[in-house]
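Okay, structure first, notes after.
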There are 2 protein chains.
Amino acid sequence: MLDILGDKWTLLVVRDLLLSGKRRYGEFQSSPESIPTNILADRLKRLEAAGLVKKEFYQDKPPRAEYFITRKGADLGPVLQEMAQWGQKYIPGVITPSQFNQPEIRD
Amino acid sequence: MLDILGDKWTLLVVRDLLLSGKRRYGEFQSSPESIPTNILADRLKRLEAAGLVKKEFYQDKPPRAEYFITRKGADLGPVLQEMAQWGQKYIPGVITPSQFNQPEIRD
DNA sequence: GTCTATGGCTTGCAAAATGCAAGTCACAAG
DNA sequence: CTTGTGACTTGCATTTTGCAAGCCATAGAC
């Protein structure tokens, strides 16, 4: 399990998918933590391989895709929420969004 | 937050402290995931610096210490439990101990 | 006394992962 | 036909990891 999630950037991508409703490459890149682009590509691949994320093309020329969270990935919600609470309590300046959007799940 | 926890080995050490009641260097080393010894030393230092762990010497010659979880560290319990549940559900062969021990907290 | 073991680390170094900048590819707009 | 956008890939220097070995103090075995 920690082989998949034991890594800063992976969790961040899952968080964006799950709590912020981000779907596109550019949206992930624009997160304030500014993930390096090659790492982002790599993590999306790994997450897809691990079945936490589904990649779907919404056009062919040029190929453009969106990333959706799967049920398996969405079930990490409680973990992220607990982490958010902990961060809120102990780390000054953590901003937890007051409301989460409910992500669209695709399997 | 992920600066502290976004790393496989750190979480593993916290888990051992929190759920398995381990306190000594050798006990952490003997976990089935077999953390490299230099990494272990480094993570314990970081955890102490981050205030999740307290190091206490129980003898002087030779110096021998035990590591205790702090309140701050113990509050990660719910996160670990959620992770454990997720792992149980999705990763075959994860063994969750049927009972956790209640850790001694030192601040 | 000398050898071996134990606990808790540190050191050296090769291998892997990361971070940054730059390049690519397909198209769309001005 | 030059510029821009989105989604990546590539190259390479830096950092982190993993493995083995070494070290230090003391306790127990012979």
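Here's how to read the names in the structure tokens: chain A, B, ... by the order shown, residue numbers from 1 in each chain, ligand numbers from 1 in the order shown.
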Tell me which protein, DNA and RNA residues are within 10 Å of Arg46 (chain B), counting only C-alpha atoms (C1' of nucleotides), leaving out same-chain ones fewer than 6 positions away, and put them as number ranges by chain. B: 4, 10, 40, 52-53
Superposed chain A (ref. Chain B, all C-alpha pairs in order) as an mmCIF file with N, CA and C atoms, in the first residue's frame:
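For reference, result-v2.cif as written:
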data_model
loop_
_atom_site.group_PDB
_atom_site.id
_atom_site.type_symbol
_atom_site.label_atom_id
_atom_site.label_comp_id
_atom_site.auth_asym_id
_atom_site.auth_seq_id
_atom_site.Cartn_x
_atom_site.Cartn_y
_atom_site.Cartn_z
ATOM 1 N N MET A 1 2.690 19.331 5.485
ATOM 2 C CA MET A 1 2.317 18.076 6.119
ATOM 3 C C MET A 1 2.899 16.893 5.360
ATOM 4 N N LEU A 2 2.702 16.911 4.067
ATOM 5 C CA LEU A 2 3.287 15.847 3.275
ATOM 6 C C LEU A 2 4.808 15.966 3.222
ATOM 7 N N ASP A 3 5.324 17.113 3.639
ATOM 8 C CA ASP A 3 6.771 17.240 3.740
ATOM 9 C C ASP A 3 7.290 16.325 4.841
ATOM 10 N N ILE A 4 6.472 16.129 5.860
ATOM 11 C CA ILE A 4 6.862 15.238 6.946
ATOM 12 C C ILE A 4 6.478 13.793 6.639
ATOM 13 N N LEU A 5 5.252 13.630 6.174
ATOM 14 C CA LEU A 5 4.707 12.279 6.069
ATOM 15 C C LEU A 5 4.738 11.691 4.670
ATOM 16 N N GLY A 6 5.063 12.497 3.695
ATOM 17 C CA GLY A 6 4.998 12.018 2.325
ATOM 18 C C GLY A 6 6.187 11.149 1.994
ATOM 19 N N ASP A 7 6.245 10.035 2.655
ATOM 20 C CA ASP A 7 7.411 9.176 2.528
ATOM 21 C C ASP A 7 7.088 7.846 3.179
ATOM 22 N N LYS A 8 7.393 6.832 2.480
ATOM 23 C CA LYS A 8 7.049 5.488 2.917
ATOM 24 C C LYS A 8 7.566 5.127 4.308
ATOM 25 N N TRP A 9 8.839 5.334 4.541
ATOM 26 C CA TRP A 9 9.456 4.850 5.766
ATOM 27 C C TRP A 9 8.974 5.580 7.006
ATOM 28 N N THR A 10 8.749 6.876 6.880
ATOM 29 C CA THR A 10 8.271 7.647 8.019
ATOM 30 C C THR A 10 6.957 7.096 8.545
ATOM 31 N N LEU A 11 6.042 6.859 7.634
ATOM 32 C CA LEU A 11 4.747 6.319 8.037
ATOM 33 C C LEU A 11 4.903 4.966 8.710
ATOM 34 N N LEU A 12 5.819 4.194 8.207
ATOM 35 C CA LEU A 12 6.034 2.867 8.766
ATOM 36 C C LEU A 12 6.526 2.945 10.206
ATOM 37 N N VAL A 13 7.422 3.864 10.469
ATOM 38 C CA VAL A 13 7.928 4.038 11.825
ATOM 39 C C VAL A 13 6.810 4.507 12.750
ATOM 40 N N VAL A 14 6.027 5.454 12.274
ATOM 41 C CA VAL A 14 4.910 5.937 13.084
ATOM 42 C C VAL A 14 3.946 4.791 13.373
ATOM 43 N N ARG A 15 3.685 4.008 12.374
ATOM 44 C CA ARG A 15 2.801 2.865 12.567
ATOM 45 C C ARG A 15 3.326 1.938 13.658
ATOM 46 N N ASP A 16 4.619 1.634 13.601
ATOM 47 C CA ASP A 16 5.203 0.738 14.604
ATOM 48 C C ASP A 16 5.092 1.310 16.005
ATOM 49 N N LEU A 17 5.353 2.606 16.109
ATOM 50 C CA LEU A 17 5.252 3.261 17.406
ATOM 51 C C LEU A 17 3.825 3.240 17.922
ATOM 52 N N LEU A 18 2.924 3.511 17.010
ATOM 53 C CA LEU A 18 1.555 3.769 17.402
ATOM 54 C C LEU A 18 0.749 2.490 17.563
ATOM 55 N N LEU A 19 0.930 1.573 16.651
ATOM 56 C CA LEU A 19 0.067 0.397 16.652
ATOM 57 C C LEU A 19 0.746 -0.851 17.197
ATOM 58 N N SER A 20 2.038 -0.902 17.109
ATOM 59 C CA SER A 20 2.707 -2.116 17.571
ATOM 60 C C SER A 20 3.459 -1.928 18.878
ATOM 61 N N GLY A 21 3.480 -0.696 19.374
ATOM 62 C CA GLY A 21 4.121 -0.460 20.655
ATOM 63 C C GLY A 21 5.629 -0.631 20.657
ATOM 64 N N LYS A 22 6.240 -0.474 19.500
ATOM 65 C CA LYS A 22 7.698 -0.594 19.454
ATOM 66 C C LYS A 22 8.345 0.688 19.960
ATOM 67 N N ARG A 23 9.499 0.517 20.591
ATOM 68 C CA ARG A 23 10.163 1.677 21.183
ATOM 69 C C ARG A 23 11.642 1.767 20.870
ATOM 70 N N ARG A 24 12.253 0.637 20.581
ATOM 71 C CA ARG A 24 13.703 0.653 20.426
ATOM 72 C C ARG A 24 14.147 0.435 18.986
ATOM 73 N N TYR A 25 15.300 1.012 18.735
ATOM 74 C CA TYR A 25 15.910 0.938 17.423
ATOM 75 C C TYR A 25 15.820 -0.457 16.820
ATOM 76 N N GLY A 26 16.261 -1.415 17.573
ATOM 77 C CA GLY A 26 16.268 -2.781 17.084
ATOM 78 C C GLY A 26 14.886 -3.313 16.751
ATOM 79 N N GLU A 27 13.902 -2.851 17.481
ATOM 80 C CA GLU A 27 12.540 -3.301 17.211
ATOM 81 C C GLU A 27 12.036 -2.762 15.870
ATOM 82 N N PHE A 28 12.367 -1.508 15.616
ATOM 83 C CA PHE A 28 11.957 -0.940 14.332
ATOM 84 C C PHE A 28 12.635 -1.678 13.187
ATOM 85 N N GLN A 29 13.888 -1.989 13.393
ATOM 86 C CA GLN A 29 14.629 -2.696 12.346
ATOM 87 C C GLN A 29 14.034 -4.065 12.052
ATOM 88 N N SER A 30 13.452 -4.659 13.050
ATOM 89 C CA SER A 30 12.973 -6.025 12.861
ATOM 90 C C SER A 30 11.594 -6.109 12.210
ATOM 91 N N SER A 31 11.013 -4.965 11.865
ATOM 92 C CA SER A 31 9.739 -5.014 11.155
ATOM 93 C C SER A 31 9.918 -5.720 9.811
ATOM 94 N N PRO A 32 8.885 -6.383 9.363
ATOM 95 C CA PRO A 32 9.007 -7.195 8.154
ATOM 96 C C PRO A 32 9.405 -6.415 6.903
ATOM 97 N N GLU A 33 9.206 -5.111 6.912
ATOM 98 C CA GLU A 33 9.563 -4.333 5.729
ATOM 99 C C GLU A 33 11.069 -4.044 5.666
ATOM 100 N N SER A 34 11.769 -4.364 6.743
ATOM 101 C CA SER A 34 13.223 -4.208 6.813
ATOM 102 C C SER A 34 13.751 -2.891 6.257
ATOM 103 N N ILE A 35 13.539 -1.876 7.024
ATOM 104 C CA ILE A 35 14.051 -0.544 6.714
ATOM 105 C C ILE A 35 15.575 -0.519 6.838
ATOM 106 N N PRO A 36 16.248 0.077 5.880
ATOM 107 C CA PRO A 36 17.704 0.224 5.986
ATOM 108 C C PRO A 36 18.075 1.020 7.232
ATOM 109 N N THR A 37 19.133 0.639 7.867
ATOM 110 C CA THR A 37 19.458 1.206 9.176
ATOM 111 C C THR A 37 19.776 2.701 9.138
ATOM 112 N N ASN A 38 20.414 3.139 8.086
ATOM 113 C CA ASN A 38 20.707 4.574 8.008
ATOM 114 C C ASN A 38 19.438 5.394 7.794
ATOM 115 N N ILE A 39 18.521 4.846 7.027
ATOM 116 C CA ILE A 39 17.243 5.540 6.813
ATOM 117 C C ILE A 39 16.469 5.606 8.130
ATOM 118 N N LEU A 40 16.491 4.521 8.856
ATOM 119 C CA LEU A 40 15.789 4.513 10.145
ATOM 120 C C LEU A 40 16.323 5.607 11.063
ATOM 121 N N ALA A 41 17.636 5.682 11.178
ATOM 122 C CA ALA A 41 18.231 6.713 12.031
ATOM 123 C C ALA A 41 17.789 8.099 11.578
ATOM 124 N N ASP A 42 17.818 8.293 10.277
ATOM 125 C CA ASP A 42 17.429 9.584 9.729
ATOM 126 C C ASP A 42 15.969 9.914 10.020
ATOM 127 N N ARG A 43 15.088 8.946 9.843
ATOM 128 C CA ARG A 43 13.672 9.199 10.044
ATOM 129 C C ARG A 43 13.348 9.478 11.509
ATOM 130 N N LEU A 44 14.005 8.767 12.390
ATOM 131 C CA LEU A 44 13.781 9.028 13.807
ATOM 132 C C LEU A 44 14.196 10.448 14.150
ATOM 133 N N LYS A 45 15.304 10.868 13.577
ATOM 134 C CA LYS A 45 15.734 12.253 13.815
ATOM 135 C C LYS A 45 14.702 13.241 13.302
ATOM 136 N N ARG A 46 14.237 13.017 12.106
ATOM 137 C CA ARG A 46 13.255 13.937 11.522
ATOM 138 C C ARG A 46 11.964 13.955 12.320
ATOM 139 N N LEU A 47 11.535 12.776 12.719
ATOM 140 C CA LEU A 47 10.296 12.712 13.484
ATOM 141 C C LEU A 47 10.439 13.426 14.811
ATOM 142 N N GLU A 48 11.616 13.306 15.393
ATOM 143 C CA GLU A 48 11.841 14.011 16.651
ATOM 144 C C GLU A 48 11.826 15.523 16.399
ATOM 145 N N ALA A 49 12.520 15.923 15.347
ATOM 146 C CA ALA A 49 12.563 17.345 15.011
ATOM 147 C C ALA A 49 11.170 17.890 14.719
ATOM 148 N N ALA A 50 10.330 17.052 14.136
ATOM 149 C CA ALA A 50 8.972 17.493 13.804
ATOM 150 C C ALA A 50 8.043 17.410 15.008
ATOM 151 N N GLY A 51 8.562 16.878 16.113
ATOM 152 C CA GLY A 51 7.751 16.820 17.324
ATOM 153 C C GLY A 51 6.734 15.695 17.364
ATOM 154 N N LEU A 52 6.940 14.688 16.550
ATOM 155 C CA LEU A 52 6.016 13.552 16.573
ATOM 156 C C LEU A 52 6.517 12.459 17.507
ATOM 157 N N VAL A 53 7.795 12.568 17.834
ATOM 158 C CA VAL A 53 8.441 11.507 18.589
ATOM 159 C C VAL A 53 9.351 12.132 19.639
ATOM 160 N N LYS A 54 9.410 11.488 20.793
ATOM 161 C CA LYS A 54 10.296 11.962 21.854
ATOM 162 C C LYS A 54 11.317 10.873 22.143
ATOM 163 N N LYS A 55 12.576 11.275 22.208
ATOM 164 C CA LYS A 55 13.641 10.317 22.490
ATOM 165 C C LYS A 55 14.031 10.419 23.958
ATOM 166 N N GLU A 56 14.057 9.296 24.636
ATOM 167 C CA GLU A 56 14.434 9.315 26.052
ATOM 168 C C GLU A 56 15.461 8.235 26.353
ATOM 169 N N PHE A 57 16.527 8.658 27.021
ATOM 170 C CA PHE A 57 17.567 7.700 27.382
ATOM 171 C C PHE A 57 17.161 6.949 28.638
ATOM 172 N N TYR A 58 17.350 5.670 28.631
ATOM 173 C CA TYR A 58 17.024 4.893 29.814
ATOM 174 C C TYR A 58 18.280 4.356 30.479
ATOM 175 N N GLN A 59 19.433 4.663 29.885
ATOM 176 C CA GLN A 59 20.721 4.386 30.525
ATOM 177 C C GLN A 59 21.802 5.215 29.842
ATOM 178 N N ASP A 60 22.905 5.407 30.573
ATOM 179 C CA ASP A 60 23.928 6.304 30.059
ATOM 180 C C ASP A 60 25.109 5.576 29.427
ATOM 181 N N LYS A 61 25.543 4.500 30.096
ATOM 182 C CA LYS A 61 26.746 3.820 29.634
ATOM 183 C C LYS A 61 26.451 2.363 29.362
ATOM 184 N N PRO A 62 26.384 2.001 28.098
ATOM 185 C CA PRO A 62 26.409 2.881 26.910
ATOM 186 C C PRO A 62 25.063 3.567 26.746
ATOM 187 N N PRO A 63 25.038 4.669 26.033
ATOM 188 C CA PRO A 63 23.772 5.386 25.854
ATOM 189 C C PRO A 63 22.752 4.552 25.098
ATOM 190 N N ARG A 64 21.617 4.381 25.727
ATOM 191 C CA ARG A 64 20.532 3.604 25.111
ATOM 192 C C ARG A 64 19.240 4.379 25.262
ATOM 193 N N ALA A 65 18.505 4.476 24.159
ATOM 194 C CA ALA A 65 17.306 5.303 24.191
ATOM 195 C C ALA A 65 16.068 4.545 23.737
ATOM 196 N N GLU A 66 14.948 5.080 24.156
ATOM 197 C CA GLU A 66 13.659 4.604 23.671
ATOM 198 C C GLU A 66 12.941 5.773 23.022
ATOM 199 N N TYR A 67 12.103 5.430 22.091
ATOM 200 C CA TYR A 67 11.359 6.454 21.377
ATOM 201 C C TYR A 67 9.883 6.340 21.721
ATOM 202 N N PHE A 68 9.328 7.473 22.119
ATOM 203 C CA PHE A 68 7.904 7.506 22.442
ATOM 204 C C PHE A 68 7.181 8.414 21.470
ATOM 205 N N ILE A 69 5.950 8.092 21.237
ATOM 206 C CA ILE A 69 5.145 8.949 20.376
ATOM 207 C C ILE A 69 4.591 10.093 21.224
ATOM 208 N N THR A 70 4.483 11.253 20.620
ATOM 209 C CA THR A 70 3.890 12.394 21.315
ATOM 210 C C THR A 70 2.398 12.459 20.999
ATOM 211 N N ARG A 71 1.721 13.368 21.653
ATOM 212 C CA ARG A 71 0.306 13.599 21.369
ATOM 213 C C ARG A 71 0.108 13.904 19.885
ATOM 214 N N LYS A 72 0.964 14.781 19.396
ATOM 215 C CA LYS A 72 0.894 15.156 17.980
ATOM 216 C C LYS A 72 1.013 13.939 17.065
ATOM 217 N N GLY A 73 1.943 13.069 17.408
ATOM 218 C CA GLY A 73 2.102 11.862 16.606
ATOM 219 C C GLY A 73 0.936 10.910 16.779
ATOM 220 N N ALA A 74 0.490 10.794 18.024
ATOM 221 C CA ALA A 74 -0.597 9.858 18.303
ATOM 222 C C ALA A 74 -1.877 10.262 17.584
ATOM 223 N N ASP A 75 -2.017 11.544 17.344
ATOM 224 C CA ASP A 75 -3.216 12.013 16.648
ATOM 225 C C ASP A 75 -3.243 11.580 15.183
ATOM 226 N N LEU A 76 -2.187 10.967 14.741
ATOM 227 C CA LEU A 76 -2.201 10.400 13.389
ATOM 228 C C LEU A 76 -2.883 9.045 13.361
ATOM 229 N N GLY A 77 -3.228 8.546 14.532
ATOM 230 C CA GLY A 77 -3.897 7.251 14.616
ATOM 231 C C GLY A 77 -5.036 7.069 13.629
ATOM 232 N N PRO A 78 -6.001 7.995 13.621
ATOM 233 C CA PRO A 78 -7.120 7.854 12.689
ATOM 234 C C PRO A 78 -6.686 7.760 11.229
ATOM 235 N N VAL A 79 -5.652 8.509 10.877
ATOM 236 C CA VAL A 79 -5.152 8.437 9.504
ATOM 237 C C VAL A 79 -4.673 7.023 9.211
ATOM 238 N N LEU A 80 -3.879 6.487 10.119
ATOM 239 C CA LEU A 80 -3.348 5.141 9.912
ATOM 240 C C LEU A 80 -4.462 4.107 9.882
ATOM 241 N N GLN A 81 -5.450 4.302 10.712
ATOM 242 C CA GLN A 81 -6.542 3.338 10.735
ATOM 243 C C GLN A 81 -7.308 3.351 9.422
ATOM 244 N N GLU A 82 -7.535 4.548 8.901
ATOM 245 C CA GLU A 82 -8.220 4.635 7.615
ATOM 246 C C GLU A 82 -7.391 3.988 6.513
ATOM 247 N N MET A 83 -6.094 4.225 6.577
ATOM 248 C CA MET A 83 -5.228 3.606 5.585
ATOM 249 C C MET A 83 -5.275 2.091 5.700
ATOM 250 N N ALA A 84 -5.263 1.611 6.929
ATOM 251 C CA ALA A 84 -5.308 0.169 7.147
ATOM 252 C C ALA A 84 -6.582 -0.428 6.567
ATOM 253 N N GLN A 85 -7.689 0.278 6.788
ATOM 254 C CA GLN A 85 -8.954 -0.219 6.258
ATOM 255 C C GLN A 85 -8.939 -0.289 4.733
ATOM 256 N N TRP A 86 -8.413 0.768 4.159
ATOM 257 C CA TRP A 86 -8.334 0.817 2.713
ATOM 258 C C TRP A 86 -7.474 -0.331 2.185
ATOM 259 N N GLY A 87 -6.341 -0.513 2.821
ATOM 260 C CA GLY A 87 -5.444 -1.577 2.417
ATOM 261 C C GLY A 87 -6.103 -2.941 2.542
ATOM 262 N N GLN A 88 -6.832 -3.092 3.622
ATOM 263 C CA GLN A 88 -7.531 -4.356 3.861
ATOM 264 C C GLN A 88 -8.501 -4.661 2.719
ATOM 265 N N LYS A 89 -9.171 -3.606 2.285
ATOM 266 C CA LYS A 89 -10.192 -3.777 1.260
ATOM 267 C C LYS A 89 -9.611 -4.051 -0.123
ATOM 268 N N TYR A 90 -8.497 -3.381 -0.422
ATOM 269 C CA TYR A 90 -8.030 -3.402 -1.803
ATOM 270 C C TYR A 90 -6.729 -4.139 -2.056
ATOM 271 N N ILE A 91 -5.979 -4.349 -1.015
ATOM 272 C CA ILE A 91 -4.701 -5.004 -1.269
ATOM 273 C C ILE A 91 -4.700 -6.380 -0.646
ATOM 274 N N PRO A 92 -4.610 -7.402 -1.490
ATOM 275 C CA PRO A 92 -4.673 -8.761 -0.973
ATOM 276 C C PRO A 92 -3.455 -9.052 -0.113
ATOM 277 N N GLY A 93 -3.701 -9.742 0.949
ATOM 278 C CA GLY A 93 -2.579 -10.174 1.780
ATOM 279 C C GLY A 93 -2.105 -9.156 2.786
ATOM 280 N N VAL A 94 -2.881 -8.097 2.993
ATOM 281 C CA VAL A 94 -2.524 -7.153 4.043
ATOM 282 C C VAL A 94 -3.028 -7.704 5.366
ATOM 283 N N ILE A 95 -2.165 -7.780 6.325
ATOM 284 C CA ILE A 95 -2.586 -8.300 7.615
ATOM 285 C C ILE A 95 -2.722 -7.146 8.591
ATOM 286 N N THR A 96 -3.920 -6.862 8.967
ATOM 287 C CA THR A 96 -4.169 -5.859 9.993
ATOM 288 C C THR A 96 -4.302 -6.590 11.321
ATOM 289 N N PRO A 97 -3.506 -6.198 12.285
ATOM 290 C CA PRO A 97 -3.609 -6.836 13.590
ATOM 291 C C PRO A 97 -5.009 -6.624 14.154
ATOM 292 N N SER A 98 -5.565 -7.657 14.724
ATOM 293 C CA SER A 98 -6.935 -7.564 15.206
ATOM 294 C C SER A 98 -7.057 -6.587 16.365
ATOM 295 N N GLN A 99 -5.996 -6.456 17.129
ATOM 296 C CA GLN A 99 -6.068 -5.449 18.176
ATOM 297 C C GLN A 99 -4.794 -4.605 18.239
ATOM 298 N N PHE A 100 -4.998 -3.327 18.461
ATOM 299 C CA PHE A 100 -3.900 -2.404 18.587
ATOM 300 C C PHE A 100 -3.611 -2.201 20.065
ATOM 301 N N ASN A 101 -2.387 -1.949 20.394
ATOM 302 C CA ASN A 101 -2.131 -1.610 21.784
ATOM 303 C C ASN A 101 -2.247 -0.102 21.931
ATOM 304 N N GLN A 102 -2.577 0.318 23.102
ATOM 305 C CA GLN A 102 -2.701 1.757 23.311
ATOM 306 C C GLN A 102 -1.316 2.275 23.716
ATOM 307 N N PRO A 103 -0.739 3.135 22.879
ATOM 308 C CA PRO A 103 0.632 3.572 23.082
ATOM 309 C C PRO A 103 0.765 4.531 24.261
ATOM 310 N N GLU A 104 1.941 4.541 24.819
ATOM 311 C CA GLU A 104 2.228 5.474 25.896
ATOM 312 C C GLU A 104 2.665 6.786 25.274
ATOM 313 N N ILE A 105 2.024 7.833 25.697
ATOM 314 C CA ILE A 105 2.315 9.130 25.088
ATOM 315 C C ILE A 105 3.200 9.971 25.999
ATOM 316 N N ARG A 106 4.223 10.533 25.427
ATOM 317 C CA ARG A 106 5.115 11.427 26.183
ATOM 318 C C ARG A 106 5.308 12.724 25.398
ATOM 319 N N ASP A 107 5.275 13.822 26.136
ATOM 320 C CA ASP A 107 5.475 15.087 25.418
ATOM 321 C C ASP A 107 6.674 15.876 25.922
#
Please report, as an NGL selection string, each residue of chain B to which DSSP assigns alpha helix (DSSP H) when run on this structure's backbone. :B and (2-5 or 8-19 or 25-29 or 37-49 or 71-74 or 77-90)
For chain D, which residues have at least one atom within 10 Å of chain A, if we go by only C-alpha atoms (C1' of nucleotides)? Write them as a ChimeraX atom specification, please. /D:6-10
Counting only C-alpha atoms (C1' of nucleotides), which residues of chain C come no farther than 10 Å from chain B, as number ranges by chain? C: 7-11
Store the residues of this selection in a file with C-alpha atoms (C1' of nucleotides), as a short mmCIF file (atom, residue, chain, number, x, y, z; two decimals), in the first residue's frame.
data_model
loop_
_atom_site.label_atom_id
_atom_site.label_comp_id
_atom_site.auth_asym_id
_atom_site.auth_seq_id
_atom_site.Cartn_x
_atom_site.Cartn_y
_atom_site.Cartn_z
"C1'" DG C 7 22.33 -2.54 20.67
"C1'" DG C 8 22.49 1.57 18.35
"C1'" DC C 9 24.22 3.84 15.30
"C1'" DT C 10 27.65 6.10 11.33
"C1'" DT C 11 30.21 5.86 6.93
#
What does the distance from C1' of DT14 (chain D) to C1' of DA22 (chain C) come to in Å, to one decimal? 17.7 Å
